[in-house]
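Engineer: Have a look at this one before I ask anything.
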There are 2 protein chains.
Amino acid sequence: MLKRILLGAGAALLLAAPTASAQTRKKTKASAASKVVAAAPRPDRSDSLALRRLFDEALLRGESYENLRYLTGSIGPRLSGSPQAQTAVEWGKATMEKAGFDRVYLQPVMVPHWVRGGRERGEIVGNKGKEVKVPVCALGGSVGTGGKLKAGVVEVHSLEEVKNMPEAAVKGKFVFYNRPFNDALIEPGAAYGGAVDQRALGAIEAAKRGAVGALVRSMTSARDDNPHTGTMRYDEAVAKVPGAALSTNAADQLSQLLKANPDLQFELEMECITLPDEKSFNVVGEIKGSKFPNEIITVGGHLDSWDLAQGAHDDGTGCVQSMEALRLLRAAGFKPERTIRAVLFMNEENGTRGGNEYARLAQQNQETHVAAIESDGGGFTPRGFTLEADPATTAKIARWAPLFRPYHAADLLPGHSGTDIEPLEAAVHPKALIGYKCDSQRYFDIHHTSADTFDKVNRRELELGGASMAGLIYLLSKYGL
Amino acid sequence: MLKRILLGAGAALLLAAPTASAQTRKKTKASAASKVVAAAPRPDRSDSLALRRLFDEALLRGESYENLRYLTGSIGPRLSGSPQAQTAVEWGKATMEKAGFDRVYLQPVMVPHWVRGGRERGEIVGNKGKEVKVPVCALGGSVGTGGKLKAGVVEVHSLEEVKNMPEAAVKGKFVFYNRPFNDALIEPGAAYGGAVDQRALGAIEAAKRGAVGALVRSMTSARDDNPHTGTMRYDEAVAKVPGAALSTNAADQLSQLLKANPDLQFELEMECITLPDEKSFNVVGEIKGSKFPNEIITVGGHLDSWDLAQGAHDDGTGCVQSMEALRLLRAAGFKPERTIRAVLFMNEENGTRGGNEYARLAQQNQETHVAAIESDGGGFTPRGFTLEADPATTAKIARWAPLFRPYHAADLLPGHSGTDIEPLEAAVHPKALIGYKCDSQRYFDIHHTSADTFDKVNRRELELGGASMAGLIYLLSKYGL
């Protein structure tokens with residue numbers, strides 16, 4: 001799921017290449033915006049009826065839910081480079097071909113190949129040698145421990161705290177990052193953004209001070225026994241030490257035991273390893289535009305998932321909704337004026353190689369991109385869409401809000417779009433990058449864990465989302481931007 | 001859950017006494033409404049901060065989730081008249097006393113006492129005597145079958161269809177009501193309202209034509225093996241025949257087998273029985289108003305649940321949210337100007353005896369009721385509130401919408417309030433009856449089934465709802481209506 005907006009400004013730069021959009025777009029004057037909007041054709045009653053047809057098709061004859069059942073249940077976890085990721089590529093291509101899109105093809109891309117390996121174990125070792133086994137998992141990209149790694153533990157609540165500690169307090173120990181989500185924030189994504197620097201950068205800061213590894217509280221508000229994996233970074237100038245996530249219950253327990261006994265130790269064993277890059281693919285399906293075939297609207301999700309998860313909400317739902325959006329347009333009898341592309345991006349989770357390659361090819365082929373939509377925040381009940389666009393374009397799209405109101409999907413507001421489509425910004429300057437926005441209170445309970453399974457997805461919620469996306473594509477295709 | 005609005009106008013009259021509100025309130029002229037609204041004090045920045053304090057308290061130190069865990073897990077199903085319902089009454093009283101409300105008391109009320117009994121079994125019997133066992137459950141209030149009841153089956157899709165059939169086609173058979181939810185409707189409550197007459201009145205219409213019983217497709221969009229119970233009616237002038245729900249998978253299967261073999265039989269065995277009425281209680285907790293102690297604002301949910309269910313979303317969430325709303329006001333340091341009452345109503349599911357008794361006592365005691373709020377549509381993410389009030393009052397409340405926007409709870413629109421509070425209308429004419437409205441796409445998947453369990457409730461969604469309710473009470477208490 002979306003990484004940029006969820007980190008502080010500084011950390012964001014480390015995780016993704018910055019775009020110039022925020023700066024340049026601000027310069028467009030409000031007066032220019034209102035002129036463009038005034039000139040834009042108003043959506044009419046036929047648009048309202050068109051959306052209703054798309055929702056009917058989704059709710060009465062939808063195919064996304066059964067597609068998701070297959071992807072999550074029969075294929076399962078599909079981390080980049082894994083055999084299951086390859087199976088998912090073949091499934092995506094076959095599913096789009098079966099849906100009868102005008103053109104279906106693969107875009108080759110080399111992806112990282114990290115594997116968790118066999119053994120993964122964490123234990124708190126008390127001062128009387130008493131061991132408490134706790135749920136841990138390696139963070140994605142971590143090095144292994146090279147056998148058992150046993151050391152003391154120093155608990156901190158920020159990267160800053162580590163930087164300011166005397167080296168003696170850290171050296172030879174595990175740094176245990178235990179700053180929880182800020183539950184007062186209404187948007188769980190904001191709470192994630194306020195905590196995830198610990199996971200992303202914790203091992204680097206720990207290693208700089210001579211620590212042997214980083215233990216990180218799982219990125220969730222939930223109190224349970226699921227460790228949450230997710231990507232972590234290394235700095236080539238700093239020693240690579242292992243990074244592991246503790247379940248929130250385990251983190252609370254470790255913190256409590258540390259208070260009673262600051263000298264306790266932690267034993268970590270992980271056999272994870274990074275193998276050579278593997279060849280993989282983005283999967284692309286197109287419906288050719290009837291009037292403006294060279295103007296492209298992209299809609300996508302990411303096909304890869306973490307290895308622990310079935311990748312239902314992250315991001316199987318985005319994949320099946322994207323394919324469904326095209327199918328809905330066809331099934332409801334529409335012939336889009338512009339070319340619509342469904343893209344199943346490879347490697348969002350640990351590299352964005354697919355998103356980068358899609359943008360590179362778009363630029364190389366001198367394509368014209370009107371807009372791109374990404375669904376990568378879960379498949380829950382729709383709220384609307386987040387927009388990265390200049391003020392005039394934002395206002396133009398926001399004028400469509402009344403059409404989405406009957407479906408509770410009328411929030412059309414500025415916000416982060418999606419990790420896979422953002423490289424398009426620098427490459428081909430689409431008028432708008434758009435994120436599908438849904439209710440997300442449950443998302444981080446299961447995010448990057450073994451609990452991200454098909455049964456957590458509600459059929460109607462998924463279908464309402466796919467129909468909302470199809471509705472927006474219908475409008476973008478008809479009116480342009 | 002709310003029954004009146006969910007049925008067609010005709011059926012509604014059979015299930016609940018009509019109120020005069022809809023008629024009389026319409027007469028208030030729009031001009032009068034705008035005058036009242038213009039005169040109403042505008043909510044200010046202190047109100048915005050007050051709501052934020054309530055949400056902070058709920059999200060950071062909330063008690064509703066753990067209260068719900070106990071109610072659903074340790075007490076469990078609590079149908080009116082059952083020993084568990086009595087335990088729930090004692091728990092509710094103790095929980096409110098522990099919360100330190102000014103006054104906690106019980107309101108005695110006699111309630112129906114229906115029990116499911118031991119045996120409950122349904123089988124499709126093919127023409128070669130081949131039996132297919134299918135998931136069934138007795139509808140609430142049904143008579144038993146008196147041993148095994150085996151008969152042919154006639155499938156219908158409406159009460160009307162039964163009325164228009166030749167008696168020979170129905171006599172001696174089961175009438176099988178198999179009209180599904182209309183999935184094209186965006187609000188699942190509307191789909192429920194469009195199908196539930198089959199459950200409520202199916203046995204009466206079947207018996208009028210000489211049928212031996214009614215089999216009803218479960219009231220849900222989900223396709224699974226959970227039979228959904230719920231209340232059914234008898235007409236004293238018509239023979240009482242058993243009513244049972246089939247899971248949606250079983251209904252589909254029966255329908256399919258009937259097409260192949262219209263002469264197949266169904267064997268039903270149910271030992272349910274209605275026992276004499278039992279004494280039970282509403283549980284009431286009060287915070288005395290500091291300025292207008294005689295002006296009352298009620299907030300409630302219903303304590304009883306169906307016997308099959310833990311009654312988590314229906315309506316444990318409404319109970320714990322109502323108690324939490326009062327606790328939040330106290331914990332955030334507010335001294336409400338008007339008297340706030342949390343009420344755990346008994347017997348919403350099969351009689352509304354608690355709601356009626358609460359209204360009767362309010363009238364007898366000549367109480368002044370400003371407003372009443374009920375949460376009985378599940379404990380999912382908030383959307384806002386539904387209002388039954390005259391246009392001026394509705395407009396006044398709707399002006400508070402901006403205060404709820406940061407919490408996505410700003411839908412303040414006309415709509416059904418709640419079954420337990422509606423008897424107040426005729427008894428003491430409160431200015432507004434208000435329903436807590438949340439996202440309901442998942443609600444009917446579990447409604448009245450064994451799947452309505454604690455794990456289906458998300459802590460944050462529950463807390464956001466309780467805080468929304470507390471926020472509205474704060475405003476009602478401060479500004480009156």
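Letters A, B, ... mark the chains of the structure tokens in the order given; residue numbers begin at 1 per chain; ligand numbers begin at 1, in order shown.
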With only C-alpha atoms as the counted atoms, please give the residues lying no more than 7 Å from A:Lys148, apart from itself and same-chain residues fewer than 5 positions off, as a ChimeraX atom specification.
Structural biologist: /A:267-269
Engineer: Report the residues of stretch 195-234 of chain B whose backbone DSSP state falls under alpha helix (DSSP H), written as a ChimeraX atom specification.
Structural biologist: /B:197-208
Engineer: Taking only C-alpha atoms into account, find every residue of chain B that has an atom no more than 8 Å from chain A, and write it out as a VMD selection string.
Structural biologist: chain B and resid 55 to 56 59 to 60 183 to 184 186 381 406 to 407 439 441 to 442 458 460 to 461
Engineer: Suppose we keep N, CA and C atoms; can you now write the selection as an mmCIF file, in the first residue's frame?
Structural biologist:
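Output file out_3.cif follows:
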```
data_model
loop_
_atom_site.group_PDB
_atom_site.id
_atom_site.type_symbol
_atom_site.label_atom_id
_atom_site.label_comp_id
_atom_site.auth_asym_id
_atom_site.auth_seq_id
_atom_site.Cartn_x
_atom_site.Cartn_y
_atom_site.Cartn_z
ATOM 1 N N PHE B 55 -14.138 12.377 21.198
ATOM 2 C CA PHE B 55 -13.520 11.360 20.334
ATOM 3 C C PHE B 55 -12.182 10.898 20.903
ATOM 4 N N ASP B 56 -11.403 11.819 21.443
ATOM 5 C CA ASP B 56 -10.127 11.427 22.063
ATOM 6 C C ASP B 56 -10.366 10.420 23.187
ATOM 7 N N LEU B 59 -11.426 7.021 21.711
ATOM 8 C CA LEU B 59 -10.420 6.287 20.944
ATOM 9 C C LEU B 59 -9.192 5.925 21.776
ATOM 10 N N LEU B 60 -8.922 6.734 22.803
ATOM 11 C CA LEU B 60 -7.703 6.496 23.598
ATOM 12 C C LEU B 60 -7.978 5.721 24.886
ATOM 13 N N ASP B 183 -30.381 -6.960 -4.806
ATOM 14 C CA ASP B 183 -28.985 -6.546 -4.600
ATOM 15 C C ASP B 183 -28.643 -5.228 -5.266
ATOM 16 N N ALA B 184 -29.498 -4.750 -6.154
ATOM 17 C CA ALA B 184 -29.206 -3.466 -6.814
ATOM 18 C C ALA B 184 -29.402 -2.287 -5.863
ATOM 19 N N ILE B 186 -28.712 0.108 -2.932
ATOM 20 C CA ILE B 186 -27.436 0.453 -2.299
ATOM 21 C C ILE B 186 -27.507 0.252 -0.785
ATOM 22 N N THR B 381 -18.684 1.570 11.025
ATOM 23 C CA THR B 381 -18.220 2.950 10.855
ATOM 24 C C THR B 381 -19.378 3.935 10.717
ATOM 25 N N PRO B 406 -15.419 15.964 10.327
ATOM 26 C CA PRO B 406 -14.084 15.358 10.505
ATOM 27 C C PRO B 406 -14.151 13.873 10.883
ATOM 28 N N TYR B 407 -15.323 13.446 11.343
ATOM 29 C CA TYR B 407 -15.478 12.054 11.792
ATOM 30 C C TYR B 407 -16.301 11.235 10.802
ATOM 31 N N ASP B 439 -22.324 2.524 8.438
ATOM 32 C CA ASP B 439 -22.198 1.747 7.210
ATOM 33 C C ASP B 439 -22.789 0.358 7.454
ATOM 34 N N GLN B 441 -23.199 -2.333 4.979
ATOM 35 C CA GLN B 441 -23.066 -3.352 3.930
ATOM 36 C C GLN B 441 -22.889 -4.761 4.497
ATOM 37 N N ARG B 442 -22.273 -4.879 5.668
ATOM 38 C CA ARG B 442 -22.020 -6.203 6.247
ATOM 39 C C ARG B 442 -23.116 -6.681 7.188
ATOM 40 N N ASN B 458 -15.377 -4.205 14.973
ATOM 41 C CA ASN B 458 -14.063 -3.572 14.970
ATOM 42 C C ASN B 458 -14.013 -2.512 16.071
ATOM 43 N N ARG B 460 -12.309 0.241 16.665
ATOM 44 C CA ARG B 460 -12.354 1.661 16.300
ATOM 45 C C ARG B 460 -13.710 2.067 15.717
ATOM 46 N N GLU B 461 -14.275 1.213 14.911
ATOM 47 C CA GLU B 461 -15.594 1.528 14.338
ATOM 48 C C GLU B 461 -16.624 1.710 15.465
#
```
Engineer: List as a PDB file with N, CA and C atoms, in the first residue's frame the protein and nucleic acid residues near A:Ala200, meaning an atom at most 10 Å away when only C-alpha atoms are counted, but skip any in the same chain fewer than 2 places from it.
Structural biologist:
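After the write, around31.pdb holds the following:
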```pdb
ATOM      1  N   LEU A   7       4.509   8.656   5.203  1.00  0.00           N
ATOM      2  CA  LEU A   7       5.704   8.949   5.976  1.00  0.00           C
ATOM      3  C   LEU A   7       5.832  10.452   6.140  1.00  0.00           C
ATOM      4  N   ALA A  11      11.344  11.205   5.509  1.00  0.00           N
ATOM      5  CA  ALA A  11      11.396   9.773   5.253  1.00  0.00           C
ATOM      6  C   ALA A  11      10.866   9.461   3.865  1.00  0.00           C
ATOM      7  N   LEU A  14      13.256   9.161   1.071  1.00  0.00           N
ATOM      8  CA  LEU A  14      14.059   7.953   1.067  1.00  0.00           C
ATOM      9  C   LEU A  14      13.326   6.789   0.428  1.00  0.00           C
ATOM     10  N   LEU A  15      11.996   6.808   0.511  1.00  0.00           N
ATOM     11  CA  LEU A  15      11.236   5.654   0.048  1.00  0.00           C
ATOM     12  C   LEU A  15      10.763   5.764  -1.383  1.00  0.00           C
ATOM     13  N   LEU A 139      11.160  -8.444   8.695  1.00  0.00           N
ATOM     14  CA  LEU A 139      10.698  -7.381   7.810  1.00  0.00           C
ATOM     15  C   LEU A 139      11.213  -7.666   6.399  1.00  0.00           C
ATOM     16  N   GLY A 140      10.444  -7.253   5.426  1.00  0.00           N
ATOM     17  CA  GLY A 140      10.788  -7.544   4.039  1.00  0.00           C
ATOM     18  C   GLY A 140      12.094  -6.901   3.621  1.00  0.00           C
ATOM     19  N   ALA A 195       3.970   6.265  12.282  1.00  0.00           N
ATOM     20  CA  ALA A 195       4.720   5.216  12.998  1.00  0.00           C
ATOM     21  C   ALA A 195       5.696   4.458  12.109  1.00  0.00           C
ATOM     22  N   VAL A 196       5.464   4.482  10.780  1.00  0.00           N
ATOM     23  CA  VAL A 196       6.146   3.529   9.904  1.00  0.00           C
ATOM     24  C   VAL A 196       7.615   3.863   9.649  1.00  0.00           C
ATOM     25  N   ASP A 197       8.052   5.054  10.035  1.00  0.00           N
ATOM     26  CA  ASP A 197       9.492   5.332   9.889  1.00  0.00           C
ATOM     27  C   ASP A 197      10.314   4.373  10.747  1.00  0.00           C
ATOM     28  N   GLN A 198       9.750   3.912  11.844  1.00  0.00           N
ATOM     29  CA  GLN A 198      10.449   2.944  12.700  1.00  0.00           C
ATOM     30  C   GLN A 198      10.750   1.659  11.943  1.00  0.00           C
ATOM     31  N   GLY A 202      14.408   1.996  10.902  1.00  0.00           N
ATOM     32  CA  GLY A 202      14.889   1.644  12.240  1.00  0.00           C
ATOM     33  C   GLY A 202      16.200   0.880  12.236  1.00  0.00           C
ATOM     34  N   ALA A 203      16.359  -0.049  11.297  1.00  0.00           N
ATOM     35  CA  ALA A 203      17.580  -0.871  11.277  1.00  0.00           C
ATOM     36  C   ALA A 203      18.805  -0.020  10.913  1.00  0.00           C
ATOM     37  N   ILE A 204      18.610   0.950  10.034  1.00  0.00           N
ATOM     38  CA  ILE A 204      19.733   1.827   9.661  1.00  0.00           C
ATOM     39  C   ILE A 204      20.214   2.624  10.881  1.00  0.00           C
ATOM     40  N   VAL A 216      10.753  -4.178  15.899  1.00  0.00           N
ATOM     41  CA  VAL A 216       9.797  -3.098  15.658  1.00  0.00           C
ATOM     42  C   VAL A 216       8.383  -3.545  16.019  1.00  0.00           C
ATOM     43  N   GLY A 230       6.527  -5.933   6.181  1.00  0.00           N
ATOM     44  CA  GLY A 230       6.503  -4.691   5.410  1.00  0.00           C
ATOM     45  C   GLY A 230       7.938  -4.347   5.082  1.00  0.00           C
ATOM     46  N   THR A 231       8.097  -3.443   4.146  1.00  0.00           N
ATOM     47  CA  THR A 231       9.436  -3.205   3.627  1.00  0.00           C
ATOM     48  C   THR A 231      10.303  -2.415   4.611  1.00  0.00           C
ATOM     49  N   MET A 232      11.591  -2.731   4.619  1.00  0.00           N
ATOM     50  CA  MET A 232      12.569  -1.961   5.395  1.00  0.00           C
ATOM     51  C   MET A 232      13.731  -1.600   4.469  1.00  0.00           C
ATOM     52  N   ARG A 233      14.480  -0.613   4.864  1.00  0.00           N
ATOM     53  CA  ARG A 233      15.582  -0.123   4.015  1.00  0.00           C
ATOM     54  C   ARG A 233      16.939  -0.395   4.640  1.00  0.00           C
ATOM     55  N   TYR A 234      17.924  -0.473   3.778  1.00  0.00           N
ATOM     56  CA  TYR A 234      19.317  -0.432   4.236  1.00  0.00           C
ATOM     57  C   TYR A 234      20.005   0.745   3.561  1.00  0.00           C
ATOM     58  N   GLY A 243      16.096  -6.900  10.758  1.00  0.00           N
ATOM     59  CA  GLY A 243      14.926  -6.179  11.253  1.00  0.00           C
ATOM     60  C   GLY A 243      13.750  -7.125  11.363  1.00  0.00           C
TER      61      GLY A 243
END
```
Engineer: Step one, run DSSP on the backbone; step two, keep only residues of stretch 196-370 of chain B assigned to strand (DSSP E); then write them as an MDAnalysis selection string.
Structural biologist: chainID B and resid 213:217 243:246 265:270 273:287 292:302 338:345 368:370
Engineer: Output N, CA and C atoms for every residue in that selection, as a compact mmCIF listing (two decimals), in the first residue's frame.
Structural biologist:
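And here is the file that came out, again02.txt:
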```
# COMPACT_ATOMS: atom_id res chain seq x y z
N GLY B 213 -47.19 -25.33 6.58
CA GLY B 213 -46.10 -24.55 7.16
C GLY B 213 -45.51 -23.61 6.13
N ALA B 214 -44.62 -22.73 6.61
CA ALA B 214 -43.94 -21.77 5.73
C ALA B 214 -42.44 -21.97 5.84
N LEU B 215 -41.80 -22.11 4.69
CA LEU B 215 -40.33 -22.13 4.64
C LEU B 215 -39.90 -20.83 3.98
N VAL B 216 -38.97 -20.13 4.60
CA VAL B 216 -38.63 -18.78 4.12
C VAL B 216 -37.13 -18.68 3.85
N ARG B 217 -36.79 -18.17 2.68
CA ARG B 217 -35.38 -17.88 2.35
C ARG B 217 -34.84 -16.88 3.38
N GLY B 243 -43.19 -21.85 11.06
CA GLY B 243 -42.40 -21.05 10.12
C GLY B 243 -40.93 -21.29 10.35
N ALA B 244 -40.20 -21.57 9.28
CA ALA B 244 -38.77 -21.84 9.41
C ALA B 244 -38.00 -21.09 8.34
N ALA B 245 -36.77 -20.70 8.67
CA ALA B 245 -35.88 -20.08 7.69
C ALA B 245 -34.91 -21.11 7.15
N LEU B 246 -34.66 -21.06 5.85
CA LEU B 246 -33.61 -21.86 5.22
C LEU B 246 -32.43 -20.94 4.93
N GLN B 265 -40.55 -33.78 -1.43
CA GLN B 265 -41.15 -33.41 -0.14
C GLN B 265 -40.10 -32.76 0.76
N PHE B 266 -40.59 -32.09 1.77
CA PHE B 266 -39.70 -31.49 2.78
C PHE B 266 -40.13 -32.01 4.14
N GLU B 267 -39.15 -32.40 4.93
CA GLU B 267 -39.48 -32.86 6.29
C GLU B 267 -38.90 -31.88 7.29
N LEU B 268 -39.76 -31.37 8.12
CA LEU B 268 -39.37 -30.35 9.11
C LEU B 268 -39.69 -30.87 10.50
N GLU B 269 -38.76 -30.65 11.41
CA GLU B 269 -39.01 -31.04 12.80
C GLU B 269 -38.50 -29.91 13.70
N MET B 270 -39.38 -29.35 14.47
CA MET B 270 -39.01 -28.23 15.36
C MET B 270 -39.77 -28.39 16.67
N ILE B 273 -41.50 -23.59 21.31
CA ILE B 273 -42.75 -23.44 22.06
C ILE B 273 -42.76 -22.08 22.76
N THR B 274 -43.95 -21.51 22.90
CA THR B 274 -44.10 -20.27 23.63
C THR B 274 -44.55 -20.57 25.06
N LEU B 275 -43.77 -20.15 26.02
CA LEU B 275 -44.08 -20.37 27.45
C LEU B 275 -44.77 -19.11 27.99
N PRO B 276 -45.27 -19.16 29.22
CA PRO B 276 -45.90 -17.97 29.79
C PRO B 276 -44.91 -16.79 29.86
N ASP B 277 -45.44 -15.59 29.80
CA ASP B 277 -44.60 -14.38 29.89
C ASP B 277 -43.72 -14.42 31.14
N GLU B 278 -42.57 -13.79 31.02
CA GLU B 278 -41.62 -13.72 32.15
C GLU B 278 -41.43 -12.27 32.55
N LYS B 279 -41.06 -12.07 33.81
CA LYS B 279 -40.73 -10.72 34.25
C LYS B 279 -39.31 -10.39 33.82
N SER B 280 -39.13 -9.25 33.23
CA SER B 280 -37.79 -8.78 32.90
C SER B 280 -37.71 -7.27 33.14
N PHE B 281 -36.69 -6.63 32.58
CA PHE B 281 -36.44 -5.22 32.94
C PHE B 281 -35.77 -4.44 31.81
N ASN B 282 -36.11 -3.16 31.71
CA ASN B 282 -35.23 -2.19 31.07
C ASN B 282 -34.20 -1.76 32.12
N VAL B 283 -33.00 -1.48 31.68
CA VAL B 283 -31.97 -0.96 32.59
C VAL B 283 -31.75 0.52 32.24
N VAL B 284 -31.84 1.38 33.26
CA VAL B 284 -31.75 2.82 33.01
C VAL B 284 -30.66 3.45 33.88
N GLY B 285 -29.82 4.26 33.26
CA GLY B 285 -28.82 5.03 34.00
C GLY B 285 -28.92 6.49 33.64
N GLU B 286 -28.76 7.36 34.63
CA GLU B 286 -28.98 8.79 34.39
C GLU B 286 -27.80 9.66 34.83
N ILE B 287 -27.54 10.70 34.05
CA ILE B 287 -26.75 11.84 34.55
C ILE B 287 -27.72 13.01 34.63
N PHE B 292 -31.33 22.12 33.43
CA PHE B 292 -32.71 21.73 33.13
C PHE B 292 -32.90 20.24 33.45
N PRO B 293 -32.88 19.91 34.74
CA PRO B 293 -32.91 18.49 35.08
C PRO B 293 -34.19 17.78 34.63
N ASN B 294 -35.24 18.55 34.38
CA ASN B 294 -36.49 17.90 33.97
C ASN B 294 -36.61 17.70 32.46
N GLU B 295 -35.62 18.16 31.73
CA GLU B 295 -35.64 17.93 30.27
C GLU B 295 -34.72 16.74 29.97
N ILE B 296 -35.31 15.74 29.35
CA ILE B 296 -34.62 14.45 29.23
C ILE B 296 -34.20 14.14 27.80
N ILE B 297 -32.96 13.64 27.69
CA ILE B 297 -32.46 13.12 26.42
C ILE B 297 -32.14 11.64 26.64
N THR B 298 -32.80 10.79 25.86
CA THR B 298 -32.59 9.35 26.00
C THR B 298 -31.63 8.86 24.93
N VAL B 299 -30.76 7.93 25.31
CA VAL B 299 -29.93 7.24 24.32
C VAL B 299 -29.95 5.75 24.66
N GLY B 300 -30.21 4.92 23.68
CA GLY B 300 -30.34 3.51 24.02
C GLY B 300 -30.09 2.54 22.88
N GLY B 301 -30.04 1.28 23.30
CA GLY B 301 -30.00 0.14 22.39
C GLY B 301 -30.81 -0.96 23.06
N HIS B 302 -30.92 -2.10 22.41
CA HIS B 302 -31.70 -3.17 23.09
C HIS B 302 -30.80 -4.28 23.60
N ARG B 338 -28.90 19.26 30.43
CA ARG B 338 -30.15 18.49 30.52
C ARG B 338 -29.86 17.08 31.01
N THR B 339 -30.89 16.40 31.47
CA THR B 339 -30.70 15.05 32.00
C THR B 339 -30.51 14.06 30.85
N ILE B 340 -29.44 13.24 30.97
CA ILE B 340 -29.13 12.25 29.94
C ILE B 340 -29.42 10.86 30.50
N ARG B 341 -30.14 10.08 29.75
CA ARG B 341 -30.49 8.74 30.19
C ARG B 341 -30.02 7.70 29.20
N ALA B 342 -29.22 6.76 29.67
CA ALA B 342 -28.91 5.59 28.85
C ALA B 342 -29.92 4.51 29.18
N VAL B 343 -30.53 3.93 28.18
CA VAL B 343 -31.53 2.89 28.41
C VAL B 343 -31.17 1.63 27.61
N LEU B 344 -31.08 0.51 28.34
CA LEU B 344 -30.93 -0.78 27.68
C LEU B 344 -32.33 -1.39 27.63
N PHE B 345 -32.94 -1.33 26.47
CA PHE B 345 -34.32 -1.78 26.33
C PHE B 345 -34.39 -3.31 26.28
N THR B 368 -40.75 15.42 30.45
CA THR B 368 -40.48 16.20 29.24
C THR B 368 -39.29 15.59 28.52
N HIS B 369 -39.53 15.12 27.31
CA HIS B 369 -38.45 14.51 26.53
C HIS B 369 -38.07 15.40 25.36
N VAL B 370 -36.82 15.81 25.36
CA VAL B 370 -36.31 16.67 24.28
C VAL B 370 -36.06 15.83 23.03
```
Engineer: Identify, on the basis of only C-alpha atoms, every residue whose closest approach to A:Tyr443 does not exceed 8 Å; exclude the query and any residue fewer than 3 positions from it along the same chain; express the result as a PDB file with C-alpha atoms, in the first residue's frame.
Structural biologist:
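Result went into result12.pdb, see below:
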```pdb
ATOM      1  CA  PRO A 188      -5.728   4.972  10.281  1.00  0.00           C
ATOM      2  CA  HIS A 313      -7.209  -6.361   0.751  1.00  0.00           C
ATOM      3  CA  GLY A 377      -6.098   1.013   0.242  1.00  0.00           C
ATOM      4  CA  GLY A 378      -8.308  -2.032   0.707  1.00  0.00           C
ATOM      5  CA  SER A 440     -10.172   2.058   6.198  1.00  0.00           C
ATOM      6  CA  ILE A 446      -4.771  -7.194   8.795  1.00  0.00           C
ATOM      7  CA  HIS A 447      -2.280  -5.249   6.645  1.00  0.00           C
TER       8      HIS A 447
END
```
